[in-house]
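Colleague: Before I ask anything, let me first share the structure, which is written out below as structure tokens.
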Amino acid sequence: MSQFLNSKENAVTEAIDGLLAASGGALSRLDGYPHIRVVVRSDWDKSKVAIVSGGGSGHEPAHAGFVGKGMLTAAVCGDVFASPSVDAILAGILAVTGPAGCLLIVKNYTGDRLNFGLAAERARAFGLNVSMVIVDDDIALPDLPQSRGVAGTLFIHKIAGALAESGADLEAVSKAARRVIENTSSIGMSLDTCTVPGSPKENRIPDGHAELGLGIHGEAGVEQVEYTGAKGAVAAMVERLAPSMDDRSHVVLVNNLGGTSVLEMSVVVHELLQSAIAGRISHIVGPAPMMTSLDMQGFSISVFPASKAELELLSKPVELAAWPGVTAVKPVAVLSLPDGLTPIAPLASRHEPTRQFLTDCCNLLIAAERDLNALDAKSGDGDTGSTLAGAARALIEALDRLPLSDHTQLFRAMGQELSQTMGGSSGVLLAIFFAAAGDGASSGLNIREALKAGLSRMQEIGGARLGDRTMVDALSPALDALDVGFAAAAEAARAGAELTATLVHAKAGRAAYINAKQLEGHTDPGAEAVARLFEFLVLRPDEVGERLADQATGRRVTG
């Protein structure tokens, strides 16, 4: 089993008991394991309308995670992706329903409709006042006579729960719930299917594609579309949501389907608030995992045109960690940098050969992105290529504001640019390298000696030495050989890079945390990047290359 479970048979009961133990006594359960799994409010006194929901497990925190004052009174939990039994649902209704009655909130799946419906009939035979609403917010399959209930169900949980908590009667709560259902639209998208405990993973979504309109039980979506990034994914979903929205202000609920990172979800929100419906979104719930599908790497978007009264109900605070609350959408606030941090821009100057030379070097690093990432995946976190390529792209964009005709100032300007655009330790180290090289060049050193001064400063601050399995193993011998020419420097850089593949004990960088077996035979990505750059210089004789060669072998830098 590739999940942190003991067995699929006990997964739901153990998960419920874990939730209850962490609730601080706020939640209880009915006796009756394993067939009856009902989570209830510990403080419930049956004085108000009870709100009961539930369904298959695997959607956590729904449904039990939303049991609490101001939302659900009870949640009835079935097996993973399976409706709870009629007896379990009836037990939940009987446990929480008093004279004020009970509202059942049911998602539009056949098993849930039948089991909750029959349980409601049996509860009415006991003399209880039970109402039931069916949530069908999924718009992915517009021609389907019975649309599925998905994450938009959370709007109904919150609004009906807040109304019931305020003392509204069952008729008012049911009417409000039906209005929310009629006006809520949802759609989901995923890059991968979920992993059902005890079952093999279904790999139906090919690489480079996403599935649009899939359900919360892992069922297939309306179509598989080419995936080009978050922007395109959100645009495809918005295209289908927009026809269901009028010109009123809407609340949007952004739901993580379980396996999408927080970083990705924030990017999704960014794209949503730049999309074609951005002007109709006034408030947002999330992004957060609310109605998940186990570990599905996807998300859903639900929209609802809340009235002022409904927005107040949605905004009423609840002491439930699973409910992220409602926030107003505001423009991004941007504050000025503190005094002293705004960089002093160098005086830009043009020099076409230098511009072309730097562009070609940057393009070399961009082209090597995948290769360097693959190498870094063996000894680090797999992003060296992306880090260098990102810096290269930023440097190309900055060329118009750099002092291209003054190489002494150019080194410093490049260091400043890299300190702003490169992330991680590599960005800081290369910024130090070029800044120190610029200082050396300004003091009269030739390019070789200026670069060696930069390397010395970088080693002094970064701590890396020859043999530590870093870019220094290629850069240091290359600069030592540079007085002979680029060919000798390239050979030295390549030899240094290949040497790193034999070093099984790194003493700097993330590779220092990797065991010898994983390092052996894999070239350090930073050293490989240095070797490729010097090999490129050998193959590129031109005005700048010749000038650099002359300066590297002893002629003073004069600008």
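Just so we're on the same page: first chain in the structure tokens is A, next is B, and so on; residues restart at 1 for each chain, and ligands are numbered from 1 in the order they show up.
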Would you mind listing what lies within 9 Å of stretch 104-120 of chain A as a VMD selection string, with only C-alpha atoms counted and same-chain residues fewer than 4 positions away left out?

Modeller: chain A and resid 50 to 56 82 to 91 93 124 to 125 128 130 to 137 146 to 150 153 156 to 157 177

Colleague: With DSSP run on the backbone, what are the alpha helix (DSSP H) residues within stretch 205-307 of chain A? I'd like them as a ChimeraX atom specification.

Modeller: /A:230-241,262-272

Colleague: If you count only C-alpha atoms, which residues fall within 9 Å of A:Leu455, apart from same-chain ones fewer than 3 positions away, as a list in words?

Modeller: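 Neighbouring residues, sequence-local ones excluded: Ile432, Phe433, Phe434, Ala436, Ala437, Ala450, Leu451, Lys452, Met458, Gln459, Glu460, Val472, Leu475 and Ser476 of chain A.
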
Colleague: Pick out the residues sitting within 7 Å of stretch 487-502 of chain A, and hand them over as a count of residues only; count only C-alpha atoms, and ignore anything fewer than 2 positions along from it in its own chain.

Modeller: 24

Colleague: Looking at only C-alpha atoms, which of A:Ala176, A:Val196, A:Leu141, A:Ala368 is the one that sits closest to A:Ala164?

Modeller: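 Among the listed residues, the smallest separation from A:Ala164 belongs to A:Ala176.
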